[in-house]
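Have a look at the structure below, then the notes.
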Amino acid sequence: MATKTVASSTASTDEVDLEPLRALLSGSLALPGEPGYELATPWNVAVPVLPLVVVLPESAEDIAAAVRFAGTAGLRVAVTRTGHGAIPLDAAAGSDVLLVHTGRLDECTVHVDERWARVGAGVIWQQVIDGATPHGLAPLAGSAPGVGVVGFLTGGGLGPLVRTYGVSSDHVRAFDVVTGDGQIRRATPTEHPELFWGLRGGKSTLGIVTAVEIDLLPLASIYGGALYFDGADAPAVVHAWQRWTAGLPESANSSLAILQLPPLPQVPPPLAGRLTVAVRFAFAGDPDAGALTLEPMRQVATPLIDMVAPMPYTAIGAIHADPVDPTPTHEAATLLADFPAEAAEALLAVAGPGAGSRQTIVELRHLGGALGRAPQQSSAFCQRNARFSMLAIGVLAPPEADAVAADGVALVAALAPWSTGRALANFAPSSDPERVALSYDEETLRRLGALAEQYDPTGVLRIGQVVRGAGPVG
Ligand SMILES: Cc1cc2nc3c(=O)[nH]c(=O)nc-3n(C[C@H](O)[C@H](O)[C@H](O)COP(=O)(O)OP(=O)(O)OC[C@H]3O[C@@H](n4cnc5c(N)ncnc54)[C@H](O)[C@@H]3O)c2cc1C
C-alpha cells in the first residue's frame with residue numbers, strides 16, 4: 001500500500017493512503033524513491049523540492065482527480081513543468097503537497113490559417129517554435145526556449161520582442177484550467193472572464209492550467225543577436241546604451257548584460273572566464289533599418305563578437321543565450337521607472353569592471369513601447385509602467401556561492417533610487433507574501449484573493465507564489 005506520513009498540520013490525517021488516487025489516474029504518481037519522483041527536481045537545482053508525491057497526469061481529468069483527492073484528504077497541490085521558477089519546498093513543508101508535473105500534457109497543435117496554437121501545459125516554448133516556424137508563424141516566446149509556456153504566461157511573460165508586441169499573456173485566447181474546487185473550466189474573454197483576467201499574471205493562484213490557446217505572429221525572421229564587448233569597454237558601452245535606448249522606436253528591442261561566464265566548453269572562448277558586456281538586439285522589421293538603428297552601438301567599441309544579423313525566428317534563444325542545462329542559480333530583480341546616466345554609473349559601481357561582483361549575468365531589459373499600452377482584455381499583470389527590468393543571476397557554485405545573494409541585494413539597493421518599487425512575478429520568484437505582493441497593485445491583490453477564495457474554498461492550491469484572501473499566503 002502506498003502510504004506516506006504527513007507531518008504538516010494542514011493535512012487532516014497523519015497517514016495518507018495514496019492508492020485510491022493512483023487508481024483514479026490514467027497517468028501515474030511517484031512516491032520518493034519511485035521512478036518519476038526525480039521530476040520534482042527543478043531546472044534550478046539549488047532549490048529543494050521534496051513533495052509528498054509527484055503526480056504525472058495524462059489529462060485534465062487526472063489533475064481534477066488529484067485536486068479533489070487533495071481537498072478530501074486535507075492535502076495541498078502545487079504545479080511544475082521545468083522548474084525554471086522553482087520555489088523551495090523542503091521535506092517538512094512538502095509533506096502535505098502533491099506536486100503535479102505537467103510534462104505528459106504535450107499537445108501542440110498549430111492552426112496555420114487562423115494563426116493560433118493550442119498548447120498543453122507540459123509544452124516548452126521550443127516545441128511551439130518548432131511547430132509554428134515552418135509555417136512562417138511565431139509564438140511570443142521568452143528569452144529561453146526551454147521555459148514552460150504556461151508558467152511563463154501565467155506570470156505575464158516579457159520576451160525579447162516585448163516593446164514591439166507587448167506582454168505575451170496579452171496574446172492568450174483561452175485557458176483550460178482546473179480550479180481549486182476540482183472543476184475543469186474554460187476561461188476566455190466571454191467564458192469565466194474573471195478567471196481569464198486572473199490567470200494572466202496571477203501565476204497558479206486561480207488554478208492549474210491544463211492547456212492554453214495563443215496567437216501566433218506572422219513572423220518568420222527578425223534582425224537580431226548580440227554584440228559582445230570586452231569588460232574594459234563596459235563603462236563606455238553601458239553609458240552609450242543608456243543614451244541610445246532613450247530614442248529607440250518600438251520596433252527595436254534591446255537588453256544589456258554584464259557577463260562573467262565560466263570557462264565551460266559551451267561558452268565561446270572570447271567570453272569565458274572574464275568580464276564582458278553584451279548588447280542584445282531584436283528588431284522586427286526591415287533588416288537594413290535594424291542595422292541602421294543598431295549602428296551607434298556598433299561604433300562604441302570593437303566588439304569581441306558581433307552576431308547580430310538577419311536570423312530565423314527559430315534562433316530567438318540565441319539573442320540572450322541563457323543557460324540551458326539545469327543550473328543552481330540565485331536571482332535578484334527589480335523594476336526601474338527610469339535609467340538615467342546616474343543609474344548607469346550606479347550599476348557600473350556594483351557590477352562593472354573592478355566591482356568584484358560575483359553575478360554571472362546582470363541584465364537590464366529595455367521595456368516601454370507596446371508593454372506600456374493597455375491590452376484589449378485587462379489582466380492581473382500590473383507592471384506596464386516599468387521602463388527597465390534588472391535581473392541578476394548568480395550561480396551558486398563554490399567558492400563564491402555564499403556571496404552571490406549578498407551581491408544581488410547590493411545591486412537592487414544600488415538601483416533603488418530609480419525603482420518602481422514593484423516586481424515581475426516571473427523574475428526572482430518567491431512565496432514570501434511581501435515579495436508576491438510587489439507584483440500587483442492593491443485592487444488586483446484584492447480581486448485575485450477574492451477569486452481564489454471563491455474557486456478554492458478549502459485552500460487546496462494555497463501554496464507557492466499565490467495570492468489568497470486579503471493578500472498572498474505565508
Ligand atoms: C533562464 C531563464 C530565462 C527566463 N526568461 C524569461 C523571459 O524572457 N521572460 C519572462 O517573463 N520570464 C522569464 N523567465 C522566468 C520564467 O518565465 C518563469 O520562471 C516561469 O514561471 C517558468 O515556468 P516553468 O513552468 O518553466 O517553471 P516551473 O518552475 O516549473 O513553474 C514555475 C511556476 O509557474 C506556475 N505554473 C507552472 N505551470 C503551471 C500550470 N500548469 N498552471 C498554473 N501555473 C503554472 C506556477 O506558479 C509554478 O510555481 C526565465 C527564467 C529563467 C530561469
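Labels used: A, B, ... for chains in the order of the C-alpha cells, numbers from 1 for residues in each chain, and numbers from 1 for ligands as shown.
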Practice task
Find the residues around Asp176 of chain A up to 10 Å (only C-alpha atoms counted), leave out those fewer than 3 positions away in its own chain, and share them as number ranges by chain.
Solution key: A: 60, 120-121, 179, 184-188, 196, 207-213
Dump N, CA and C atoms for the selected residues as a PDB file, in the first residue's frame?
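Just written: part_22.pdb:
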ATOM      1  N   ALA A  60      -6.528  16.488 -18.300  1.00  0.00           N
ATOM      2  CA  ALA A  60      -7.090  17.454 -17.355  1.00  0.00           C
ATOM      3  C   ALA A  60      -7.871  16.729 -16.265  1.00  0.00           C
ATOM      4  N   GLY A 120      -0.509  22.266 -24.725  1.00  0.00           N
ATOM      5  CA  GLY A 120      -0.691  21.609 -23.429  1.00  0.00           C
ATOM      6  C   GLY A 120       0.222  22.215 -22.383  1.00  0.00           C
ATOM      7  N   ALA A 121      -0.150  22.009 -21.112  1.00  0.00           N
ATOM      8  CA  ALA A 121       0.611  22.624 -20.018  1.00  0.00           C
ATOM      9  C   ALA A 121       2.027  22.063 -19.910  1.00  0.00           C
ATOM     10  N   THR A 179      -9.678  24.370 -11.356  1.00  0.00           N
ATOM     11  CA  THR A 179      -9.693  25.281 -10.217  1.00  0.00           C
ATOM     12  C   THR A 179      -9.595  24.471  -8.912  1.00  0.00           C
ATOM     13  N   ILE A 184     -13.078  21.341 -13.940  1.00  0.00           N
ATOM     14  CA  ILE A 184     -12.372  21.731 -15.162  1.00  0.00           C
ATOM     15  C   ILE A 184     -13.172  22.864 -15.796  1.00  0.00           C
ATOM     16  N   ARG A 185     -12.491  23.975 -16.037  1.00  0.00           N
ATOM     17  CA  ARG A 185     -13.203  25.133 -16.585  1.00  0.00           C
ATOM     18  C   ARG A 185     -12.441  25.678 -17.772  1.00  0.00           C
ATOM     19  N   ARG A 186     -13.182  26.387 -18.631  1.00  0.00           N
ATOM     20  CA  ARG A 186     -12.565  27.074 -19.760  1.00  0.00           C
ATOM     21  C   ARG A 186     -12.669  28.568 -19.499  1.00  0.00           C
ATOM     22  N   ALA A 187     -11.544  29.268 -19.694  1.00  0.00           N
ATOM     23  CA  ALA A 187     -11.515  30.707 -19.419  1.00  0.00           C
ATOM     24  C   ALA A 187     -11.147  31.453 -20.687  1.00  0.00           C
ATOM     25  N   THR A 188     -12.048  32.306 -21.130  1.00  0.00           N
ATOM     26  CA  THR A 188     -11.833  33.133 -22.324  1.00  0.00           C
ATOM     27  C   THR A 188     -12.376  34.532 -21.987  1.00  0.00           C
ATOM     28  N   PHE A 196     -10.080  34.280 -16.739  1.00  0.00           N
ATOM     29  CA  PHE A 196      -9.236  34.699 -17.863  1.00  0.00           C
ATOM     30  C   PHE A 196      -8.398  35.917 -17.461  1.00  0.00           C
ATOM     31  N   GLY A 207      -5.702  28.434 -10.285  1.00  0.00           N
ATOM     32  CA  GLY A 207      -5.891  27.079 -10.765  1.00  0.00           C
ATOM     33  C   GLY A 207      -4.663  26.522 -11.465  1.00  0.00           C
ATOM     34  N   ILE A 208      -4.806  25.257 -11.839  1.00  0.00           N
ATOM     35  CA  ILE A 208      -3.750  24.577 -12.596  1.00  0.00           C
ATOM     36  C   ILE A 208      -4.199  24.543 -14.051  1.00  0.00           C
ATOM     37  N   VAL A 209      -3.472  25.265 -14.866  1.00  0.00           N
ATOM     38  CA  VAL A 209      -3.807  25.329 -16.291  1.00  0.00           C
ATOM     39  C   VAL A 209      -3.437  23.996 -16.933  1.00  0.00           C
ATOM     40  N   THR A 210      -4.335  23.474 -17.760  1.00  0.00           N
ATOM     41  CA  THR A 210      -4.035  22.209 -18.442  1.00  0.00           C
ATOM     42  C   THR A 210      -3.696  22.432 -19.911  1.00  0.00           C
ATOM     43  N   ALA A 211      -4.197  23.538 -20.484  1.00  0.00           N
ATOM     44  CA  ALA A 211      -3.859  23.889 -21.875  1.00  0.00           C
ATOM     45  C   ALA A 211      -4.126  25.374 -22.074  1.00  0.00           C
ATOM     46  N   VAL A 212      -3.437  25.939 -23.042  1.00  0.00           N
ATOM     47  CA  VAL A 212      -3.607  27.356 -23.338  1.00  0.00           C
ATOM     48  C   VAL A 212      -3.676  27.523 -24.855  1.00  0.00           C
ATOM     49  N   GLU A 213      -4.432  28.498 -25.280  1.00  0.00           N
ATOM     50  CA  GLU A 213      -4.518  28.788 -26.723  1.00  0.00           C
ATOM     51  C   GLU A 213      -3.969  30.184 -26.952  1.00  0.00           C
TER      52      GLU A 213
END
Handout entry: Selection near Tyr37 of chain A, 10 Å with only C-alpha atoms, sequence-local residues under 3 positions removed, as a ChimeraX atom specification
Key = /A:29-34,40-41,50-56,99,101
Those residues you just picked out, can you put them in a file as a PDB file, in the first residue's frame with N, CA and C atoms?
ATOM      1  N   LEU A  29       1.576   8.200 -10.425  1.00  0.00           N
ATOM      2  CA  LEU A  29       2.169   9.013  -9.367  1.00  0.00           C
ATOM      3  C   LEU A  29       3.434   8.332  -8.877  1.00  0.00           C
ATOM      4  N   ALA A  30       4.287   9.140  -8.263  1.00  0.00           N
ATOM      5  CA  ALA A  30       5.574   8.605  -7.812  1.00  0.00           C
ATOM      6  C   ALA A  30       5.878   9.103  -6.407  1.00  0.00           C
ATOM      7  N   LEU A  31       6.050   8.153  -5.497  1.00  0.00           N
ATOM      8  CA  LEU A  31       6.481   8.482  -4.138  1.00  0.00           C
ATOM      9  C   LEU A  31       8.001   8.598  -4.127  1.00  0.00           C
ATOM     10  N   PRO A  32       8.583   9.183  -3.086  1.00  0.00           N
ATOM     11  CA  PRO A  32      10.041   9.267  -3.023  1.00  0.00           C
ATOM     12  C   PRO A  32      10.668   7.891  -3.256  1.00  0.00           C
ATOM     13  N   GLY A  33      11.630   7.838  -4.137  1.00  0.00           N
ATOM     14  CA  GLY A  33      12.302   6.576  -4.456  1.00  0.00           C
ATOM     15  C   GLY A  33      11.696   5.864  -5.639  1.00  0.00           C
ATOM     16  N   GLU A  34      10.471   6.219  -6.007  1.00  0.00           N
ATOM     17  CA  GLU A  34       9.846   5.568  -7.164  1.00  0.00           C
ATOM     18  C   GLU A  34      10.220   6.311  -8.446  1.00  0.00           C
ATOM     19  N   ALA A  40      10.499  15.995  -9.760  1.00  0.00           N
ATOM     20  CA  ALA A  40      10.320  17.131  -8.844  1.00  0.00           C
ATOM     21  C   ALA A  40      11.564  18.021  -8.840  1.00  0.00           C
ATOM     22  N   THR A  41      12.717  17.465  -9.149  1.00  0.00           N
ATOM     23  CA  THR A  41      13.968  18.243  -9.130  1.00  0.00           C
ATOM     24  C   THR A  41      13.905  19.312 -10.201  1.00  0.00           C
ATOM     25  N   LEU A  50      10.739  18.837  -2.430  1.00  0.00           N
ATOM     26  CA  LEU A  50      10.540  17.498  -1.864  1.00  0.00           C
ATOM     27  C   LEU A  50       9.084  17.318  -1.444  1.00  0.00           C
ATOM     28  N   PRO A  51       8.205  17.096  -2.428  1.00  0.00           N
ATOM     29  CA  PRO A  51       6.789  16.927  -2.104  1.00  0.00           C
ATOM     30  C   PRO A  51       6.499  15.536  -1.533  1.00  0.00           C
ATOM     31  N   LEU A  52       5.289  15.395  -1.031  1.00  0.00           N
ATOM     32  CA  LEU A  52       4.810  14.094  -0.567  1.00  0.00           C
ATOM     33  C   LEU A  52       4.823  13.092  -1.717  1.00  0.00           C
ATOM     34  N   VAL A  53       4.371  13.563  -2.876  1.00  0.00           N
ATOM     35  CA  VAL A  53       4.243  12.676  -4.034  1.00  0.00           C
ATOM     36  C   VAL A  53       4.249  13.532  -5.298  1.00  0.00           C
ATOM     37  N   VAL A  54       4.757  12.953  -6.388  1.00  0.00           N
ATOM     38  CA  VAL A  54       4.688  13.630  -7.687  1.00  0.00           C
ATOM     39  C   VAL A  54       3.584  12.964  -8.495  1.00  0.00           C
ATOM     40  N   VAL A  55       2.650  13.778  -8.980  1.00  0.00           N
ATOM     41  CA  VAL A  55       1.553  13.268  -9.809  1.00  0.00           C
ATOM     42  C   VAL A  55       1.886  13.573 -11.258  1.00  0.00           C
ATOM     43  N   LEU A  56       1.783  12.551 -12.117  1.00  0.00           N
ATOM     44  CA  LEU A  56       2.125  12.693 -13.534  1.00  0.00           C
ATOM     45  C   LEU A  56       0.868  12.487 -14.368  1.00  0.00           C
ATOM     46  N   LEU A  99       2.663  17.291  -5.873  1.00  0.00           N
ATOM     47  CA  LEU A  99       3.234  18.154  -6.917  1.00  0.00           C
ATOM     48  C   LEU A  99       2.816  17.601  -8.278  1.00  0.00           C
ATOM     49  N   HIS A 101       3.275  17.394 -11.995  1.00  0.00           N
ATOM     50  CA  HIS A 101       4.252  17.672 -13.057  1.00  0.00           C
ATOM     51  C   HIS A 101       3.531  17.482 -14.392  1.00  0.00           C
TER      52      HIS A 101
END
Exercise for the section: Please identify all polymer residues within 8 Å of segment 459-464 of chain A, counting only C-alpha atoms, omitting same-chain residues fewer than 3 positions from it, and present them as a ChimeraX atom specification. Expected result: /A:67,70-71,74-78,87,180-181,204-207,430-431,453,456,468,473
Write out, as a JSON list (two decimals), in the first residue's frame, the residues just selected, with N, CA and C atoms.
[["chain", "number", "residue", "atom", "x", "y", "z"],
["A", 67, "VAL", "N", -6.74, 17.10, -7.55],
["A", 67, "VAL", "CA", -7.15, 18.26, -6.75],
["A", 67, "VAL", "C", -8.31, 17.86, -5.82],
["A", 70, "ALA", "N", -6.94, 15.69, -3.06],
["A", 70, "ALA", "CA", -6.21, 16.50, -2.07],
["A", 70, "ALA", "C", -7.19, 17.25, -1.17],
["A", 71, "GLY", "N", -8.26, 17.77, -1.77],
["A", 71, "GLY", "CA", -9.25, 18.51, -0.98],
["A", 71, "GLY", "C", -9.87, 17.63, 0.09],
["A", 74, "GLY", "N", -7.18, 16.69, 2.85],
["A", 74, "GLY", "CA", -6.53, 17.78, 3.60],
["A", 74, "GLY", "C", -5.12, 18.05, 3.11],
["A", 75, "LEU", "N", -4.86, 17.74, 1.86],
["A", 75, "LEU", "CA", -3.54, 18.00, 1.27],
["A", 75, "LEU", "C", -3.60, 19.24, 0.40],
["A", 76, "ARG", "N", -2.42, 19.67, -0.07],
["A", 76, "ARG", "CA", -2.36, 20.81, -1.00],
["A", 76, "ARG", "C", -1.73, 20.35, -2.32],
["A", 77, "VAL", "N", -1.93, 21.15, -3.36],
["A", 77, "VAL", "CA", -1.45, 20.78, -4.69],
["A", 77, "VAL", "C", -0.65, 21.94, -5.29],
["A", 78, "ALA", "N", 0.60, 21.63, -5.66],
["A", 78, "ALA", "CA", 1.44, 22.58, -6.38],
["A", 78, "ALA", "C", 1.64, 22.07, -7.80],
["A", 87, "ILE", "N", 10.28, 27.19, -6.43],
["A", 87, "ILE", "CA", 10.20, 27.78, -5.10],
["A", 87, "ILE", "C", 10.49, 26.68, -4.09],
["A", 180, "GLY", "N", -9.41, 25.18, -7.81],
["A", 180, "GLY", "CA", -9.15, 24.51, -6.54],
["A", 180, "GLY", "C", -10.32, 23.67, -6.03],
["A", 181, "ASP", "N", -11.50, 23.86, -6.59],
["A", 181, "ASP", "CA", -12.65, 23.02, -6.22],
["A", 181, "ASP", "C", -12.70, 21.76, -7.08],
["A", 204, "SER", "N", -0.26, 30.58, -10.29],
["A", 204, "SER", "CA", -1.21, 29.47, -10.06],
["A", 204, "SER", "C", -2.24, 29.80, -8.99],
["A", 205, "THR", "N", -2.45, 31.09, -8.72],
["A", 205, "THR", "CA", -3.42, 31.50, -7.71],
["A", 205, "THR", "C", -4.81, 30.92, -7.99],
["A", 206, "LEU", "N", -5.24, 30.93, -9.25],
["A", 206, "LEU", "CA", -6.63, 30.57, -9.56],
["A", 206, "LEU", "C", -6.79, 29.18, -10.13],
["A", 207, "GLY", "N", -5.70, 28.43, -10.28],
["A", 207, "GLY", "CA", -5.89, 27.08, -10.77],
["A", 207, "GLY", "C", -4.66, 26.52, -11.47],
["A", 430, "SER", "N", 9.15, 33.84, -5.59],
["A", 430, "SER", "CA", 9.19, 33.61, -4.14],
["A", 430, "SER", "C", 7.78, 33.39, -3.64],
["A", 431, "SER", "N", 7.67, 32.66, -2.54],
["A", 431, "SER", "CA", 6.36, 32.54, -1.89],
["A", 431, "SER", "C", 6.24, 33.52, -0.73],
["A", 453, "GLU", "N", -10.55, 32.63, -3.09],
["A", 453, "GLU", "CA", -11.47, 32.11, -2.06],
["A", 453, "GLU", "C", -12.71, 31.49, -2.70],
["A", 456, "ASP", "N", -11.51, 28.21, -4.77],
["A", 456, "ASP", "CA", -10.73, 27.23, -4.00],
["A", 456, "ASP", "C", -11.07, 27.40, -2.53],
["A", 468, "ARG", "N", -3.92, 34.94, -1.68],
["A", 468, "ARG", "CA", -5.15, 34.45, -1.06],
["A", 468, "ARG", "C", -5.78, 35.51, -0.19],
["A", 473, "VAL", "N", -0.38, 34.31, 0.50],
["A", 473, "VAL", "CA", -0.29, 33.38, 1.63],
["A", 473, "VAL", "C", 1.11, 33.35, 2.19]]
Problem - Shell of 12 Å around Leu294 of chain A, only C-alpha atoms, local chain residues under 6 positions omitted, as JSON, numbers by chain - result: {"A": [223, 224, 225, 226, 227, 240, 241, 244, 245, 247, 248, 249, 251, 252, 253, 254, 279, 280, 281, 282, 283, 287, 288, 300, 306, 308, 309]}
Handout entry: Distance criterion (only C-alpha atoms and all ligand atoms): nearest to ligand 1 out of A:Pro20, A:Pro134, A:Gly27, A:Pro160
Key =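 Using only C-alpha atoms and all ligand atoms, ligand 1 sits closest to A:Pro160.
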Practice task
Could I get the residue neighbourhood of ligand 1 at 7 Å, counting only C-alpha atoms and all ligand atoms, as an MDAnalysis selection string?
Solution key: chainID A and resid 42 79:87 102 121 142:144 147:152 154:160 203:204 207:210 322:323 426:427 429 464:465
Atoms kept (N, CA and C atoms) for selection, written as a tab-separated table (two decimals), in the first residue's frame:
chain	number	residue	atom	x	y	z
A	42	PRO	N	13.99	20.58	-9.80
A	42	PRO	CA	13.79	21.65	-10.78
A	42	PRO	C	15.02	21.95	-11.61
A	79	VAL	N	2.14	22.94	-8.68
A	79	VAL	CA	2.30	22.54	-10.08
A	79	VAL	C	3.66	22.98	-10.60
A	80	THR	N	4.23	22.15	-11.46
A	80	THR	CA	5.51	22.49	-12.08
A	80	THR	C	5.59	21.90	-13.47
A	81	ARG	N	6.45	22.50	-14.30
A	81	ARG	CA	6.83	21.88	-15.56
A	81	ARG	C	8.35	21.73	-15.59
A	82	THR	N	9.09	22.87	-15.75
A	82	THR	CA	10.54	22.74	-15.90
A	82	THR	C	11.32	23.03	-14.62
A	83	GLY	N	10.74	23.81	-13.72
A	83	GLY	CA	11.50	24.23	-12.54
A	83	GLY	C	12.38	25.44	-12.80
A	84	HIS	N	12.12	26.19	-13.88
A	84	HIS	CA	12.87	27.44	-14.09
A	84	HIS	C	12.46	28.49	-13.05
A	85	GLY	N	11.27	28.35	-12.51
A	85	GLY	CA	10.80	29.30	-11.50
A	85	GLY	C	10.52	28.59	-10.18
A	86	ALA	N	11.39	27.66	-9.82
A	86	ALA	CA	11.13	26.82	-8.64
A	86	ALA	C	11.14	27.62	-7.35
A	87	ILE	N	10.28	27.19	-6.43
A	87	ILE	CA	10.20	27.78	-5.10
A	87	ILE	C	10.49	26.68	-4.09
A	102	THR	N	3.48	18.57	-15.17
A	102	THR	CA	2.60	18.57	-16.35
A	102	THR	C	3.24	18.00	-17.62
A	121	ALA	N	-0.15	22.01	-21.11
A	121	ALA	CA	0.61	22.62	-20.02
A	121	ALA	C	2.03	22.06	-19.91
A	142	GLY	N	9.66	33.65	-24.59
A	142	GLY	CA	10.60	34.39	-23.77
A	142	GLY	C	12.02	34.22	-24.28
A	143	SER	N	12.96	34.68	-23.47
A	143	SER	CA	14.36	34.64	-23.90
A	143	SER	C	14.91	33.23	-23.95
A	144	ALA	N	14.36	32.33	-23.13
A	144	ALA	CA	14.89	30.96	-23.04
A	144	ALA	C	13.84	29.97	-23.55
A	147	VAL	N	11.95	27.27	-21.29
A	147	VAL	CA	10.98	27.60	-20.23
A	147	VAL	C	9.60	27.07	-20.61
A	148	GLY	N	8.80	26.71	-19.62
A	148	GLY	CA	7.46	26.21	-19.86
A	148	GLY	C	6.53	27.33	-20.32
A	149	VAL	N	5.70	27.03	-21.32
A	149	VAL	CA	4.79	28.05	-21.89
A	149	VAL	C	3.83	28.56	-20.81
A	150	VAL	N	3.21	27.65	-20.07
A	150	VAL	CA	2.17	28.07	-19.13
A	150	VAL	C	2.76	28.80	-17.93
A	151	GLY	N	3.87	28.32	-17.39
A	151	GLY	CA	4.49	29.03	-16.27
A	151	GLY	C	4.85	30.45	-16.66
A	152	PHE	N	5.37	30.61	-17.86
A	152	PHE	CA	5.75	31.92	-18.39
A	152	PHE	C	4.52	32.82	-18.53
A	154	THR	N	1.45	32.59	-17.24
A	154	THR	CA	0.69	32.93	-16.04
A	154	THR	C	1.40	34.02	-15.23
A	155	GLY	N	2.66	34.27	-15.54
A	155	GLY	CA	3.37	35.40	-14.92
A	155	GLY	C	3.36	36.64	-15.79
A	156	GLY	N	2.63	36.64	-16.86
A	156	GLY	CA	2.62	37.74	-17.84
A	156	GLY	C	3.50	37.39	-19.02
A	157	GLY	N	4.81	37.36	-18.78
A	157	GLY	CA	5.74	36.94	-19.82
A	157	GLY	C	6.22	38.09	-20.68
A	158	LEU	N	7.49	38.47	-20.46
A	158	LEU	CA	8.10	39.52	-21.27
A	158	LEU	C	9.22	38.90	-22.08
A	159	GLY	N	9.08	38.87	-23.39
A	159	GLY	CA	10.08	38.24	-24.24
A	159	GLY	C	10.98	39.26	-24.93
A	160	PRO	N	11.89	38.78	-25.77
A	160	PRO	CA	12.84	39.68	-26.45
A	160	PRO	C	12.17	40.68	-27.40
A	203	LYS	N	-0.15	33.82	-11.76
A	203	LYS	CA	0.53	32.53	-11.59
A	203	LYS	C	-0.53	31.45	-11.29
A	204	SER	N	-0.26	30.58	-10.29
A	204	SER	CA	-1.21	29.47	-10.06
A	204	SER	C	-2.24	29.80	-8.99
A	207	GLY	N	-5.70	28.43	-10.28
A	207	GLY	CA	-5.89	27.08	-10.77
A	207	GLY	C	-4.66	26.52	-11.47
A	208	ILE	N	-4.81	25.26	-11.84
A	208	ILE	CA	-3.75	24.58	-12.60
A	208	ILE	C	-4.20	24.54	-14.05
A	209	VAL	N	-3.47	25.27	-14.87
A	209	VAL	CA	-3.81	25.33	-16.29
A	209	VAL	C	-3.44	24.00	-16.93
A	210	THR	N	-4.34	23.47	-17.76
A	210	THR	CA	-4.04	22.21	-18.44
A	210	THR	C	-3.70	22.43	-19.91
A	322	ASP	N	20.70	32.28	-22.87
A	322	ASP	CA	20.56	31.90	-21.46
A	322	ASP	C	21.09	30.49	-21.24
A	323	PRO	N	21.49	30.18	-19.99
A	323	PRO	CA	21.94	28.80	-19.71
A	323	PRO	C	20.83	27.80	-20.00
A	426	ASN	N	7.51	36.78	-12.72
A	426	ASN	CA	8.35	35.74	-13.33
A	426	ASN	C	9.82	35.80	-12.92
A	427	PHE	N	10.26	36.92	-12.38
A	427	PHE	CA	11.68	37.02	-12.03
A	427	PHE	C	11.85	36.95	-10.52
A	429	PRO	N	11.36	34.46	-8.38
A	429	PRO	CA	10.09	34.01	-7.79
A	429	PRO	C	10.24	33.65	-6.32
A	464	GLY	N	2.94	28.18	-2.50
A	464	GLY	CA	3.84	28.76	-3.50
A	464	GLY	C	3.53	30.22	-3.77
A	465	GLN	N	3.69	30.59	-5.04
A	465	GLN	CA	3.61	32.00	-5.43
A	465	GLN	C	2.17	32.37	-5.74
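With distances restricted to only C-alpha atoms, A:Leu216 is the closest residue to Trp116 of chain A from A:Leu271, A:Val177, A:Ala23, A:Leu216.
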Exercise for the section: Output as a PyMOL selection string all residues of segment 284-472 of chain A that backbone DSSP marks as strand (DSSP E or B). Expected result: chain A and resi 305-306+309-312+329-336+361-366+388-395+419+467-468+471-472
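The nearest approach to Ile214 of chain A among the residues A:Ala174, A:Ala349, A:Ala397, A:Val47, with only C-alpha atoms taken into account, belongs to A:Ala174.
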Handout entry: Shell around Cys382 of chain A at 9 Å using only C-alpha atoms, local window under 6 positions removed, as a list in words
Key = Gly156, Gly201, Leu424, Ser439, Tyr440, Asp441 and Thr444 of chain A
Kindly save the residues from that selection, with N, CA, C and O atoms included, as a tab-separated table (two decimals), in the first residue's frame.
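File out.tsv, as written:
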chain	number	residue	atom	x	y	z
A	156	GLY	N	2.63	36.64	-16.86
A	156	GLY	CA	2.62	37.74	-17.84
A	156	GLY	C	3.50	37.39	-19.02
A	156	GLY	O	3.00	37.09	-20.09
A	201	GLY	N	-1.19	36.64	-15.25
A	201	GLY	CA	-0.44	37.43	-14.28
A	201	GLY	C	-0.48	36.85	-12.88
A	201	GLY	O	0.44	37.07	-12.10
A	424	LEU	N	8.33	41.85	-11.15
A	424	LEU	CA	7.68	40.94	-12.10
A	424	LEU	C	7.50	39.59	-11.41
A	424	LEU	O	8.44	39.10	-10.75
A	439	SER	N	4.17	42.27	-7.02
A	439	SER	CA	3.82	42.11	-8.43
A	439	SER	C	2.46	42.71	-8.77
A	439	SER	O	2.07	42.71	-9.95
A	440	TYR	N	1.72	43.17	-7.77
A	440	TYR	CA	0.33	43.58	-8.02
A	440	TYR	C	0.03	44.92	-7.36
A	440	TYR	O	0.60	45.27	-6.34
A	441	ASP	N	-0.95	45.63	-7.94
A	441	ASP	CA	-1.45	46.80	-7.25
A	441	ASP	C	-2.52	46.34	-6.24
A	441	ASP	O	-2.94	45.17	-6.24
A	444	THR	N	-5.75	44.72	-7.65
A	444	THR	CA	-5.52	43.40	-8.24
A	444	THR	C	-5.31	42.35	-7.14
A	444	THR	O	-5.83	41.22	-7.23
Exercise for the section: Write down as a ChimeraX atom specification the residues belonging to segment 223-451 of chain A that are assigned alpha helix (DSSP H) by DSSP computed on the backbone. Expected result: /A:234-245,287-298,317-320,341-351,401-414,433-437,442-451
Please tabulate, as a Markdown table, the residues of segment 405-446 of chain A that come within 6 Å of segment 335-340 of chain A, each with its closest pair of atoms and the distance in Å to one decimal, counting only C-alpha atoms and ordering rows by chain, then residue number upward.
| residue | atom | partner | partner_atom | distance |
| --- | --- | --- | --- | --- |
| A:Trp418 | CA | A:Leu336 | CA | 5.4 |
| A:Ser419 | CA | A:Leu336 | CA | 4.2 |
| A:Thr420 | CA | A:Leu336 | CA | 5.3 |
| A:Ala423 | CA | A:Leu335 | CA | 5.9 |
Output file for the selection above: N, CA and C atoms, as a short mmCIF file (atom, residue, chain, number, x, y, z; two decimals), in the first residue's frame:
data_model
loop_
_atom_site.label_atom_id
_atom_site.label_comp_id
_atom_site.auth_asym_id
_atom_site.auth_seq_id
_atom_site.Cartn_x
_atom_site.Cartn_y
_atom_site.Cartn_z
N TRP A 418 15.88 54.52 -8.56
CA TRP A 418 15.11 54.56 -9.81
C TRP A 418 14.05 53.45 -9.87
N SER A 419 13.90 52.70 -8.78
CA SER A 419 12.99 51.56 -8.76
C SER A 419 11.53 52.01 -8.77
N THR A 420 10.68 51.21 -9.42
CA THR A 420 9.24 51.47 -9.32
C THR A 420 8.71 50.97 -7.98
N ALA A 423 7.66 44.50 -8.80
CA ALA A 423 8.42 43.35 -9.28
C ALA A 423 7.63 42.61 -10.34
#
